[in-house]
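Printed here is entry-v1.cif (mmCIF, C-alpha atoms and all ligand atoms):
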```
data_protein
loop_
_atom_site.group_PDB
_atom_site.id
_atom_site.type_symbol
_atom_site.label_atom_id
_atom_site.label_comp_id
_atom_site.auth_asym_id
_atom_site.auth_seq_id
_atom_site.Cartn_x
_atom_site.Cartn_y
_atom_site.Cartn_z
ATOM 1 C CA MET A 1 73.961 134.194 55.888
ATOM 2 C CA THR A 2 76.550 136.369 57.629
ATOM 3 C CA LYS A 3 75.442 139.897 58.408
ATOM 4 C CA THR A 4 78.073 142.575 57.934
ATOM 5 C CA ILE A 5 78.511 144.905 60.916
ATOM 6 C CA THR A 6 78.831 148.420 59.593
ATOM 7 C CA THR A 7 79.784 151.654 61.332
ATOM 8 C CA THR A 8 76.103 152.572 61.272
ATOM 9 C CA THR A 9 75.232 149.364 63.128
ATOM 10 C CA LEU A 10 77.863 150.129 65.785
ATOM 11 C CA ASN A 11 76.625 153.692 66.199
ATOM 12 C CA GLN A 12 73.090 152.388 66.673
ATOM 13 C CA PHE A 13 74.364 150.015 69.366
ATOM 14 C CA HIS A 14 76.134 152.815 71.196
ATOM 15 C CA SER A 15 73.117 155.102 70.948
ATOM 16 C CA VAL A 16 70.994 152.642 72.959
ATOM 17 C CA ASN A 17 73.683 151.961 75.575
ATOM 18 C CA LEU A 18 72.252 153.990 78.475
ATOM 19 C CA VAL A 19 74.952 153.157 81.023
ATOM 20 C CA THR A 20 77.866 155.534 80.827
ATOM 21 C CA GLU A 21 81.400 155.006 82.068
ATOM 22 C CA VAL A 22 82.591 155.989 85.550
ATOM 23 C CA ILE A 23 85.769 158.021 85.771
ATOM 24 C CA ALA A 24 87.158 158.426 89.290
ATOM 25 C CA HIS A 25 90.410 159.750 90.691
ATOM 26 C CA ALA A 26 91.971 158.817 94.030
ATOM 27 C CA ASP A 27 94.463 161.114 95.720
ATOM 28 C CA MET A 28 96.928 158.716 97.353
ATOM 29 C CA GLU A 29 98.398 161.389 99.647
ATOM 30 C CA ASP A 30 95.456 163.615 100.664
ATOM 31 C CA ARG A 31 93.077 161.195 102.388
ATOM 32 C CA GLU A 32 90.391 163.671 103.475
ATOM 33 C CA ASP A 33 87.686 162.077 101.336
ATOM 34 C CA TRP A 34 88.719 158.492 102.160
ATOM 35 C CA VAL A 35 85.969 157.044 104.321
ATOM 36 C CA PRO A 36 86.708 155.639 107.825
ATOM 37 C CA LEU A 37 85.610 152.002 108.035
ATOM 38 C CA ALA A 38 87.245 150.751 111.247
ATOM 39 C CA ASP A 39 90.153 151.725 113.494
ATOM 40 C CA GLY A 40 93.038 152.534 111.111
ATOM 41 C CA VAL A 41 91.012 151.409 108.075
ATOM 42 C CA LEU A 42 89.856 153.752 105.290
ATOM 43 C CA PHE A 43 88.263 153.168 101.921
ATOM 44 C CA LYS A 44 88.263 155.394 98.877
ATOM 45 C CA PRO A 45 85.116 154.662 96.830
ATOM 46 C CA LEU A 46 85.608 154.505 93.070
ATOM 47 C CA PHE A 47 82.410 152.800 91.862
ATOM 48 C CA PHE A 48 79.066 151.894 93.452
ATOM 49 C CA ASP A 49 77.270 149.224 91.414
ATOM 50 C CA VAL A 50 73.732 149.441 92.827
ATOM 51 C CA THR A 51 72.332 147.647 89.759
ATOM 52 C CA GLN A 52 74.165 144.346 90.159
ATOM 53 C CA GLY A 53 75.348 144.750 93.761
ATOM 54 C CA GLY A 54 79.004 145.470 94.362
ATOM 55 C CA TRP A 55 81.622 148.172 94.511
ATOM 56 C CA SER A 56 85.208 149.011 93.624
ATOM 57 C CA ASN A 57 87.458 150.799 96.064
ATOM 58 C CA LEU A 58 90.909 151.367 97.423
ATOM 59 C CA LEU A 59 91.342 150.000 100.935
ATOM 60 C CA SER A 60 93.934 151.457 103.298
ATOM 61 C CA VAL A 61 94.903 149.640 106.501
ATOM 62 C CA GLN A 62 97.476 151.029 108.942
ATOM 63 C CA PRO A 63 100.102 148.774 110.589
ATOM 64 C CA GLY A 64 98.660 146.880 113.546
ATOM 65 C CA CYS A 65 95.068 147.245 112.275
ATOM 66 C CA ARG A 66 92.633 144.771 110.776
ATOM 67 C CA LEU A 67 89.289 144.254 109.045
ATOM 68 C CA PRO A 68 87.202 141.914 111.238
ATOM 69 C CA ARG A 69 86.520 138.308 110.172
ATOM 70 C CA HIS A 70 84.017 138.069 107.342
ATOM 71 C CA TYR A 71 83.068 136.124 104.245
ATOM 72 C CA HIS A 72 81.771 137.310 100.889
ATOM 73 C CA THR A 73 78.531 136.279 99.198
ATOM 74 C CA ALA A 74 80.172 136.731 95.785
ATOM 75 C CA THR A 75 83.602 137.126 94.219
ATOM 76 C CA VAL A 76 86.397 139.528 95.122
ATOM 77 C CA HIS A 77 89.386 140.625 93.030
ATOM 78 C CA GLY A 78 92.245 142.461 94.736
ATOM 79 C CA PHE A 79 95.497 144.055 93.621
ATOM 80 C CA THR A 80 97.956 145.249 96.276
ATOM 81 C CA ILE A 81 99.443 148.652 95.503
ATOM 82 C CA ARG A 82 101.366 149.418 98.694
ATOM 83 C CA GLY A 83 102.562 147.529 101.772
ATOM 84 C CA SER A 84 101.703 143.957 102.659
ATOM 85 C CA TRP A 85 98.852 142.091 104.363
ATOM 86 C CA HIS A 86 97.648 138.599 105.110
ATOM 87 C CA TYR A 87 94.820 136.486 106.448
ATOM 88 C CA PRO A 88 95.603 134.430 109.610
ATOM 89 C CA GLU A 89 93.305 131.805 108.034
ATOM 90 C CA HIS A 90 95.797 131.308 105.145
ATOM 91 C CA ASP A 91 99.546 130.804 104.790
ATOM 92 C CA TRP A 92 100.306 133.397 102.095
ATOM 93 C CA THR A 93 101.144 137.113 102.285
ATOM 94 C CA ALA A 94 100.149 139.714 99.683
ATOM 95 C CA HIS A 95 102.787 142.305 98.792
ATOM 96 C CA ALA A 96 102.739 145.311 96.454
ATOM 97 C CA GLY A 97 102.023 143.748 93.054
ATOM 98 C CA THR A 98 100.119 140.706 94.355
ATOM 99 C CA TYR A 99 96.787 139.891 92.690
ATOM 100 C CA ILE A 100 94.194 137.815 94.526
ATOM 101 C CA PHE A 101 90.887 136.265 93.476
ATOM 102 C CA GLU A 102 88.583 135.174 96.280
ATOM 103 C CA PRO A 103 85.643 132.824 95.689
ATOM 104 C CA PRO A 104 82.330 133.362 97.524
ATOM 105 C CA GLY A 105 82.065 131.979 101.059
ATOM 106 C CA GLU A 106 85.774 132.206 101.852
ATOM 107 C CA ALA A 107 86.072 133.526 105.459
ATOM 108 C CA HIS A 108 89.052 135.651 106.461
ATOM 109 C CA THR A 109 90.391 138.430 108.698
ATOM 110 C CA LEU A 110 92.468 141.046 106.885
ATOM 111 C CA VAL A 111 95.543 141.852 108.970
ATOM 112 C CA VAL A 112 98.404 144.317 108.497
ATOM 113 C CA ASP A 113 101.213 143.481 110.889
ATOM 114 C CA ASP A 114 102.539 146.025 113.361
ATOM 115 C CA GLY A 115 105.831 147.699 112.512
ATOM 116 C CA GLY A 116 105.449 147.675 108.742
ATOM 117 C CA GLU A 117 103.974 150.262 106.397
ATOM 118 C CA GLU A 118 100.405 151.117 105.488
ATOM 119 C CA MET A 119 98.821 148.776 102.956
ATOM 120 C CA VAL A 120 96.701 149.998 100.059
ATOM 121 C CA THR A 121 94.843 147.479 97.899
ATOM 122 C CA PHE A 122 92.402 147.953 95.028
ATOM 123 C CA PHE A 123 89.401 145.660 95.558
ATOM 124 C CA VAL A 124 86.531 144.841 93.230
ATOM 125 C CA THR A 125 83.866 143.369 95.517
ATOM 126 C CA ARG A 126 80.603 141.792 94.368
ATOM 127 C CA GLY A 127 77.681 140.980 96.658
ATOM 128 C CA SER A 128 78.135 141.666 100.357
ATOM 129 C CA LEU A 129 80.506 141.075 103.286
ATOM 130 C CA VAL A 130 79.040 139.040 106.143
ATOM 131 C CA PHE A 131 80.876 139.547 109.446
ATOM 132 C CA THR A 132 81.066 136.655 111.915
ATOM 133 C CA ASP A 133 82.495 135.998 115.357
ATOM 134 C CA ALA A 134 84.990 133.174 115.994
ATOM 135 C CA ALA A 135 82.093 130.702 116.394
ATOM 136 C CA GLY A 136 80.711 131.661 112.980
ATOM 137 C CA ASN A 137 77.711 133.635 114.262
ATOM 138 C CA VAL A 138 76.738 136.528 111.999
ATOM 139 C CA THR A 139 77.488 139.882 113.638
ATOM 140 C CA GLY A 140 76.819 142.293 110.770
ATOM 141 C CA TYR A 141 77.083 142.908 107.041
ATOM 142 C CA GLU A 142 78.144 145.477 104.471
ATOM 143 C CA ASP A 143 76.900 145.891 100.925
ATOM 144 C CA VAL A 144 76.970 148.583 98.266
ATOM 145 C CA PHE A 145 74.156 150.460 100.016
ATOM 146 C CA THR A 146 75.779 150.515 103.473
ATOM 147 C CA ARG A 147 79.082 151.576 101.870
ATOM 148 C CA LEU A 148 77.307 154.342 99.964
ATOM 149 C CA GLU A 149 75.642 155.595 103.164
ATOM 150 C CA GLN A 150 78.982 155.527 105.016
ATOM 151 C CA ALA A 151 80.556 157.554 102.226
ATOM 152 C CA ARG A 152 77.694 160.070 102.176
ATOM 153 C CA ALA A 153 77.891 160.470 105.985
ATOM 154 C CA HIS A 154 81.645 161.068 105.758
ATOM 155 C CA TYR A 155 81.160 163.664 103.025
ATOM 156 C CA ARG A 156 78.679 165.490 105.286
ATOM 157 C CA ASN A 157 81.181 165.323 108.180
ATOM 158 C CA ILE A 158 83.966 166.928 106.173
ATOM 159 C CA GLY A 159 81.713 169.546 104.563
ATOM 160 C CA LYS A 160 81.653 167.983 101.097
ATOM 161 C CA ASN A 161 78.457 167.562 99.106
ATOM 162 C CA PRO A 162 77.265 163.915 99.372
ATOM 163 C CA ALA A 163 75.667 164.358 95.938
ATOM 164 C CA ASP A 164 79.221 164.391 94.501
ATOM 165 C CA LEU A 165 79.204 160.624 95.084
ATOM 166 C CA ASP A 166 76.282 160.187 92.686
ATOM 167 C CA ALA A 167 78.786 160.336 89.801
ATOM 168 C CA LEU A 168 80.156 156.982 91.011
ATOM 169 C CA ILE A 169 76.764 155.217 91.046
ATOM 170 C CA ARG A 170 75.472 153.005 88.201
HETATM 171 FE FE FE A 201 87.279 140.055 102.375
#
```
Output the structure of this file as structure tokens.
Amino acid sequence: MTKTITTTTLNQFHSVNLVTEVIAHADMEDREDWVPLADGVLFKPLFFDVTQGGWSNLLSVQPGCRLPRHYHTATVHGFTIRGSWHYPEHDWTAHAGTYIFEPPGEAHTLVVDDGGEEMVTFFVTRGSLVFTDAAGNVTGYEDVFTRLEQARAHYRNIGKNPADLDALIR
């Protein structure tokens, strides 16, 4: 027998949904609260998923700068908003408007060539980044918790309340 879903049923569903939405805003021009990650690399946190492990952010990389070689333990989705970038390990280049899906385990070095413009890409990253040297030896890692701590430390450095970031945590 088919059960009819009524408005009451839907309201009951919503009343037990304890996770609320995250609303975040990124100022693309004023970068004070964008968090330094490496030389010429900043990230603007939008969502910290401490429940399932992952985060969403904008990544900014200046011309001539790079994110060291790493692989991901889970999937990554990216959408380039500004500039262009590439991985020396692959033969394609992402431009403004390019979407990319990366499967787990795919190792790459994110490079923005000298002489161009800054790149900004929106990334949805699950799991963690595992950094390796050229021989494949693990040299470090990042996950939602290290990113959260980096963001909190930056907020302290610029005189902002680290507790403001709690609104981005689920
Ligand atoms: Fe990556």
Residues matched by the PyMOL selection byres (((chain A and resi 138) around 12) and not hetatm), written as a JSON list (two decimals) with C-alpha atoms, in the frame of the given file:
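As a result, result_11.json now contains:
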```json
[["chain", "number", "residue", "atom", "x", "y", "z"],
["A", 68, "PRO", "CA", 87.20, 141.91, 111.24],
["A", 69, "ARG", "CA", 86.52, 138.31, 110.17],
["A", 70, "HIS", "CA", 84.02, 138.07, 107.34],
["A", 71, "TYR", "CA", 83.07, 136.12, 104.24],
["A", 107, "ALA", "CA", 86.07, 133.53, 105.46],
["A", 129, "LEU", "CA", 80.51, 141.07, 103.29],
["A", 130, "VAL", "CA", 79.04, 139.04, 106.14],
["A", 131, "PHE", "CA", 80.88, 139.55, 109.45],
["A", 132, "THR", "CA", 81.07, 136.66, 111.92],
["A", 133, "ASP", "CA", 82.50, 136.00, 115.36],
["A", 134, "ALA", "CA", 84.99, 133.17, 115.99],
["A", 135, "ALA", "CA", 82.09, 130.70, 116.39],
["A", 136, "GLY", "CA", 80.71, 131.66, 112.98],
["A", 137, "ASN", "CA", 77.71, 133.64, 114.26],
["A", 139, "THR", "CA", 77.49, 139.88, 113.64],
["A", 140, "GLY", "CA", 76.82, 142.29, 110.77],
["A", 141, "TYR", "CA", 77.08, 142.91, 107.04],
["A", 142, "GLU", "CA", 78.14, 145.48, 104.47]]
```
The residues within 7 Å of (89.9, 141.5, 97.4), using all atoms listed in the file and the coordinates of the file, should be reported as an mmCIF file with C-alpha atoms, in the frame of the given file; which are they?
```
data_model
loop_
_atom_site.group_PDB
_atom_site.id
_atom_site.type_symbol
_atom_site.label_atom_id
_atom_site.label_comp_id
_atom_site.auth_asym_id
_atom_site.auth_seq_id
_atom_site.Cartn_x
_atom_site.Cartn_y
_atom_site.Cartn_z
ATOM 1 C CA VAL A 76 86.397 139.528 95.122
ATOM 2 C CA HIS A 77 89.386 140.625 93.030
ATOM 3 C CA GLY A 78 92.245 142.461 94.736
ATOM 4 C CA ILE A 100 94.194 137.815 94.526
ATOM 5 C CA PHE A 101 90.887 136.265 93.476
ATOM 6 C CA GLU A 102 88.583 135.174 96.280
ATOM 7 C CA PHE A 123 89.401 145.660 95.558
ATOM 8 C CA VAL A 124 86.531 144.841 93.230
ATOM 9 C CA THR A 125 83.866 143.369 95.517
#
```
Which residues are close to Leu42 of chain A, i.e. within 10 Å by only C-alpha atoms, leaving aside same-chain residues fewer than 4 positions away? Reply as a ChimeraX atom specification.
/A:31,33-38,57-62,120
In Å and to one decimal, atom CA of Ala24 of chain A is distant from atom CA of Ala74 of chain A by 23.7 Å
Could you tell me how far atom CA of Thr75 of chain A sits from atom CA of Gly105 of chain A, in Å to one decimal place?
8.7 Å
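Residue nearest ligand FE 201 (chain A), chosen from A:Gly115, A:Pro103, A:Gly97, A:Pro63 and counting only C-alpha atoms and all ligand atoms: A:Pro103.
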Name the closest residue to ligand FE 201 (chain A) among the candidates A:Phe47, A:Trp55, A:Phe145, A:Tyr87; distances are taken between atoms, counting all atoms listed in the file.
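Nearest to ligand FE 201 (chain A): A:Tyr87.
In this model, the gap between atom CA of Thr121 of chain A and atom CA of Ile169 of chain A comes to 20.8 Å.
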Calculated over only C-alpha atoms and all ligand atoms, which of the candidates A:Val19, A:Ala26, A:Val111, A:Val144 has the smallest distance to ligand FE 201 (chain A)?
A:Val111
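The protein and nucleic acid residues lying at most 12 Å from Ala163 of chain A are Leu148, Glu149, Ala151, Arg152, Ala153, His154, Tyr155, Arg156 and Ile169 of chain A, with only C-alpha atoms considered and sequence neighbours fewer than 6 positions away removed.
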Got a sec to resolve the PyMOL selection byres (((chain A and resi 113) around 10) and not hetatm) on this structure and send the residues as a PDB file with C-alpha atoms, keeping the file's coordinate frame?
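Result file follows (part-v6.pdb):
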```pdb
ATOM      1  CA  VAL A  61      94.903 149.640 106.501  1.00  0.00           C
ATOM      2  CA  GLN A  62      97.476 151.029 108.942  1.00  0.00           C
ATOM      3  CA  PRO A  63     100.102 148.774 110.589  1.00  0.00           C
ATOM      4  CA  GLY A  64      98.660 146.880 113.546  1.00  0.00           C
ATOM      5  CA  CYS A  65      95.068 147.245 112.275  1.00  0.00           C
ATOM      6  CA  ARG A  66      92.633 144.771 110.776  1.00  0.00           C
ATOM      7  CA  SER A  84     101.703 143.957 102.659  1.00  0.00           C
ATOM      8  CA  TRP A  85      98.852 142.091 104.363  1.00  0.00           C
ATOM      9  CA  HIS A  86      97.648 138.599 105.110  1.00  0.00           C
ATOM     10  CA  LEU A 110      92.468 141.046 106.885  1.00  0.00           C
ATOM     11  CA  VAL A 111      95.543 141.852 108.970  1.00  0.00           C
ATOM     12  CA  VAL A 112      98.404 144.317 108.497  1.00  0.00           C
ATOM     13  CA  ASP A 114     102.539 146.025 113.361  1.00  0.00           C
ATOM     14  CA  GLY A 115     105.831 147.699 112.512  1.00  0.00           C
ATOM     15  CA  GLY A 116     105.449 147.675 108.742  1.00  0.00           C
ATOM     16  CA  GLU A 117     103.974 150.262 106.397  1.00  0.00           C
ATOM     17  CA  GLU A 118     100.405 151.117 105.488  1.00  0.00           C
ATOM     18  CA  MET A 119      98.821 148.776 102.956  1.00  0.00           C
TER      19      MET A 119
END
```
Using 5 Å of padding on each side, determine the axis-aligned box around all atoms of segment 22-41 of chain A present in the file and give its centre and edge lengths in Å to one decimal, as JSON.
```
{"center_x": 90.5, "center_y": 157.2, "center_z": 99.5, "size_x": 25.8, "size_y": 22.9, "size_z": 37.9}
```
Taking into account only C-alpha atoms, which residue in the set A:Ile81, A:Leu67, A:Leu46, A:Ala96 is nearest to Leu165 of chain A?
A:Leu46
Quick one: which residues end up in the PyMOL selection byres (((chain A and resi 49) around 9) and not hetatm) for this structure, as a short mmCIF file (atom, residue, chain, number, x, y, z; two decimals) with C-alpha atoms, keeping the file's coordinate frame?
```cif
data_model
loop_
_atom_site.label_atom_id
_atom_site.label_comp_id
_atom_site.auth_asym_id
_atom_site.auth_seq_id
_atom_site.Cartn_x
_atom_site.Cartn_y
_atom_site.Cartn_z
CA PHE A 47 82.41 152.80 91.86
CA PHE A 48 79.07 151.89 93.45
CA VAL A 50 73.73 149.44 92.83
CA THR A 51 72.33 147.65 89.76
CA GLN A 52 74.17 144.35 90.16
CA GLY A 53 75.35 144.75 93.76
CA GLY A 54 79.00 145.47 94.36
CA TRP A 55 81.62 148.17 94.51
CA SER A 56 85.21 149.01 93.62
CA ARG A 126 80.60 141.79 94.37
CA VAL A 144 76.97 148.58 98.27
CA LEU A 168 80.16 156.98 91.01
CA ILE A 169 76.76 155.22 91.05
CA ARG A 170 75.47 153.00 88.20
#
```
Name the closest residue to ligand FE 201 (chain A) among the candidates A:Gly83, A:His25, A:Asn161, A:His108; distances are taken between atoms, counting all atoms listed in the file.
A:His108
Find, counting all atoms listed in the file, the residue in A:Asp143, A:Glu106, A:Glu29, A:Asp164 that gets nearest to ligand FE 201 (chain A).
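The answer is A:Glu106, which sits nearest to ligand FE 201 (chain A).
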